[in-house]
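Notes to accompany the following structure.
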Amino acid sequence: MVPAGCARRLVSILNRALEDCAEQRRKLDHSLNQCQALLGDWKIHVPESPKLEVSTKSEENEPAAKELEELELLTRALEKVLRVRKSVLETPLQTVGAAEGEKTSDKKPAAKASITEQVPVSKESIPKTIKVTSLSKKPVTSKKASAYVLKAPYRTDLDVKRSHRKAPAQQSSRIPRVAVKGSTKGTSSQQAKTNVPVMGRKVIYAAAGSQQACGSPRSPLCKEQSFAFGDSTNHENSGAANLQLANPEKNSPGSLAESLVTQNPMAGDIPEWSPTPQTCTLWEKRSLLKLPPLYRKTYSRNSRLWETCCLCQTSAAAAATRNHFVERIQTTFCPSTPTISPAEIEEEINVLHDAYSLLSHRFKAENTGHTTWQSEYECLLTLEGLQTTVSQCLNKLQQLRRAAESQGRLQACCIGDAGCPSADCTPFRGQQCGNMSVLAVPLLYYSSLQELRDITALKLQVAMLCQKINIQKVMITELLPVLEYRLHHKDSVSHLYRAVYTLLCEGGERFPVLLHTRVF
Amino acid sequence: MQRRAGGRAGPLPAAIGALCRALPLGSRPAPDTFRLAKFDRPQASPELWRLLYSLLKQIHEGGCTKSDTIDTQIRFVKSVLRYHGYGRPEFYQLPSDGSVGSRELLLAFSWLLHRINLLEQLLSVNRVKIRDETSLCTCGDNLLKSWKGMTELAPEHGLKNEVDIRYLQWLNGRLRFQWRSLHVDYQEQCKLLYKIHVYTNGSHMDQTVGHFSVTETDLIRQPDNYKQLMQLLESETSRLEAFLEWKQLEPVYWQWMIKGRERELLDEKEFSEAIGKIHKAVELKLSELKYQCAHKKNKMHGPCRLVFKDKHPASKMGFGRSRAKEALMNVSASELINELRMKEARLEKELKQLQEECRHKLTEVADGMDSVICIPPMKR
């Protein structure tokens with residue numbers, strides 16, 4: 001226990017700062033969730049039976065963890081699909097041909113097993129060529145997996161499928177978190193997440209394409225994708241199984257699409273249940289989006305009105321009568337009312353505060369050594385000018401001080417016998433920062449992501465620095481006396497000294513080294 | 001409604017009606033209240049106190065705690081008026097049960113209308129949030145708000161008389177960590193926001209903006225969630241219309257306000273003119289001083305609307321239709337970045353200087369410690 005005296009103020013300041021941070025993060029979380037939901041999959045509004053949706057809500061919590069994993073793996077898989085697709089375009093036919101010989105029975109379990117494959121998949125590098133590896137997956141899991149998968153297209157598992165689909169909507173917001181929190185795979189999975197919408201679309205089209213009588217331009221696409229899809233999730237084992245994926249595509253296009261789609265929650269509903277895909281993303285629809293007509297109408301009316309209000313001036317007649325009234329009223333004010341109100345005092349104090357920091361900055365800048373007489377003379381003149389400004393500011397400060405004092409006297413005069421204690425009435429502080437043209441909100445134009453980032457980072461940095469400076473000042477007043485007191489009383493202060501040094505001089509980041517010179 | 005000799009009786013109800021309709025939805029008084037107040041009828045007092053309380057609370061704290069007693073409400077209103085420099089002693093002497101004084105309240109209300117641009121402020125504070133907004137400054141930041149008036153201290157619960165320094169170090173470390181997490185979260189938000197802006201670029205019917213905001217995009221995705229928003233927009237539109245109407249009919253209102261007092265102050269006419277002249281002269285003097293002292297008026301304050309605008313000249317949207325008044329205040333990101341960089345540099349210097357001073361002091365202290373040498377950490 002290394003006591004630091006009664007540093008109550010410091011503790012309360014730090015705690016309050018922590019609370020403020022936490023509150024900001026909460027707000028940010030909320031907004032992040034919203035943005036991520038917008039960038040994820042959107043459910044197109046098709047009348048669904050609400051019962052099914054309700055029933056899935058209870059199921060969601062249980063399979064959550066498993067589905068998260070699957071989702072993550074699928075995300076990455078789909079990302080690789082696109083990349084591999086390009087390389088696959090060269091050699092679709094030969095490899096597909098090779099695949100045909102394989103047996104078909106294991107296709108689904110293998111694919112499924114590859115999905116349930118754990119994390120190591122993501123850490124492998126993505127092969128650009130298609131590997132044909134032997135099926136090394138344990139038959140046990142494949143059985144289980146096959147049992148799982150076989151159910152998928154059937155009605156009973158509509159719920160599971162829907163929960164797959166619902167899961168992304170609520171949990172997609174969590175996925176980047178999960179991904180980010182994982183140490184090394186942060187950026188890659190984030191990338192995967194952002195690429196997914198594109199994947200999603202392609203897979204949907206593939207699925208839809210395969211469903212529609214397999215038109216020729218689409219089926220090779222299908223094959224390549226399913227090919228690559230299986231492959232990419234399956235580096236270490238059972239590449240062969242993936243080749244088999246290509247097979248059923250020819251035999252039963254519908255079922256492959258189904259399996260593809262069910263295994264990929266992003267694709268949402270199975271095409272064969274309803275004719276159109278049920279989800280899409282912002283990226284896909286980006287140029288098709290239109291605001292609802294009612295909103296558009298209201299919005300344009302609204303913005304025109306705001307414009308008019310901004311430009312609206314008080315008519316001369318109104319201004320005259322109004323000023324007349326105000327003057328009249330002000331004649332009836334308490335005679336000792338100063339002309340400057342506390343609100344104005346506060347505003348002026350802010351201006352003076354800024355002026356002070358600017359002036360001190362300039363002063364320090366001017367105090368550098370001068371080599372030539374010209375620069376020295378220039379410095380002299382600048383300093384004289386600064387001095388004038390400083391004395392003006394000081395005068396103003398005096399005025400404000402007098403005004404504040406008379407405000408205090410005014411209270412006593414005006415309260416009369418209501419007996420309202422001054423503590424109630426004084427500590428009212430304004431909260432706004434002076435934006436005088438109240439009705440118009442300026443536009444901040446930015447033109448690149450980097451600019452937006454810079455602005456955000458800098459604002460945060462400025463706020464943080466202000467806070468640090470405040471904390472530093474409080475620490476100085478609270479900690480240094482403790483140290484000096486203990487030193488004065490000849491207590492052993494090494495530990496305390498070290499801690500105080502760290503806090504005061506290094507912002508809590510680095511420690512000094514203390515050496516005992518006493519020989520034991 | 002009213003018949004006053006020599007006045008324009010007809011437009012008065014319209015003016016008061018427009019005034020009431022321009023006020024926010026939850027705080028609208030009955031127009032009749034004004035008439036009763038003019039005659040100093042006591043039944044109008046509680047309503048006027050409530051009105052002042054809710055309006056001032058909205059402006060100053062952005063929220064209304066209806067649970068406050070009439071006593072607290074009255075105290076709040078009085079303190080705000082004092083803050084803005086209202087000096088009528090009769091007003092401050094009104095009893096705190098809110099039973100009388102409707103005429104005083106009407107006077108105070110009218111004075112506020114002019115003094116703090118009450119209507120404009122209310123419109124601005126209650127603006128419906130459909131746009132992506134940010135602020136040009138960090139004044140309104142929560143993190144900084146708590147620093148104003150830190151002289152008051154709530155005693156910490158469970159804090160013994162002495163605090164372990166390691167606890168302070170721990171708190172400090174936690175705070176640094178929170179800042180870092182906050183930074184990461186903010187950067188993430190930037191990315192997402194940028195994406196949404198870029199994806200929806202070109203789809204908005206408002207040419208000065210060009211892209212959707214987050215709320216608008218969500219509105220398309222889930223129209224059902226936003227019925228309330230639409231209603232709020234509608235009500236805002238009608239409030240704006242009422243405001244414009246009020247601006248037309250303003251003279252009538254002020255005339256009406258003066259008329260009552262004319263009878264009383266008829267003989268004080270010259271006196272008030274003289275006072276008015278003196279006030280004007282002093283204001284002029286002060287304003288000159290203000291101007292001289294503020295040699296750098298920082299224009300970068302307050303909330304603003306975030307708009308993505310592609311730099312490529314191919315996109316023709318833009319400044320053709322920008323609103324006249326706002327165009328003067330429009331800020332580009334690069335300006336803001338420069339401003340913020342300079343500010344950051346100043347603050348960093350200040351912090352470093354404080355730390356340097358501490359180092360000096362502690363070196364002195366170290367000299368006072370016998371048999372201990374302090375080796376400061378290496379300079380990075």
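Each chain in the structure tokens gets a letter, A, B and so on, in the order shown; residues start at 1 in every chain, and ligands are counted from 1 in the order they appear.
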Would you list, as a ChimeraX atom specification, the residues of region 7-170 of chain B that end up in helix (DSSP H, G or I) under DSSP run on this structure's backbone?
/B:11-22,25-27,31-38,42-61,70-83,89-92,102-115,118-125,142-145,165-170
Quick one, how far is CA of Val100 (chain B) from CA of Gly408 (chain A)?
26.3 Å
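Pairwise distance (CA of Glu250 (chain B), CA of Ala30 (chain B)) equals 18.2 Å.
When only C-alpha atoms are used to compute distances to chain B, the closest of the residues A:Ser87, A:Gln374, A:Thr337, A:Gln398 turns out to be A:Thr337.
Separating CA of Lys349 (chain B) from CA of Ala355 (chain A) is a distance of 16.7 Å.
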Neighbours of Ser213 (chain B) within 7 Å (only C-alpha atoms; same-chain residues fewer than 4 positions away dropped), as a VMD selection string?
chain B and resid 131 to 132 197 217
May I have the residues from that selection written out with N, CA and C atoms, as a compact mmCIF listing (two decimals), in the first residue's frame?
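Written out: out.txt:
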```
# COMPACT_ATOMS: atom_id res chain seq x y z
N ARG B 131 -30.12 13.40 -40.86
CA ARG B 131 -28.89 13.56 -41.62
C ARG B 131 -27.73 13.07 -40.77
N ASP B 132 -26.65 12.74 -41.45
CA ASP B 132 -25.44 12.38 -40.72
C ASP B 132 -24.80 13.66 -40.24
N HIS B 197 -22.02 6.10 -47.78
CA HIS B 197 -22.08 7.32 -48.59
C HIS B 197 -21.71 7.04 -50.03
N THR B 217 -31.00 5.50 -45.36
CA THR B 217 -30.80 4.15 -45.88
C THR B 217 -31.58 3.15 -45.04
```
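Around Gly87 (chain B), within 9 Å and counting only C-alpha atoms, the residues found are Gln330, Thr332, Phe333, Cys334, Pro335, Ser336, Thr337, Leu410 and Cys414 of chain A; Leu81, Arg82, Gly85, Pro89, Glu90, Phe91 and Tyr92 of chain B, once anything fewer than 2 positions away on its own chain is removed.
Closest approach to chain B from the set A:Arg402, A:Lys364, A:Arg301, A:His489 is made by A:Arg301, with distances taken over only C-alpha atoms.
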List as JSON, numbers by chain the protein and nucleic acid residues near Ile345 (chain A), meaning an atom at most 12 Å away when only C-alpha atoms are counted, but skip any in the same chain fewer than 6 places from it.
{"A": [338, 339, 351, 352, 396, 397, 398, 399, 400, 401, 402, 403, 404, 405, 406, 407, 429, 430], "B": [83, 84, 85, 286, 290]}
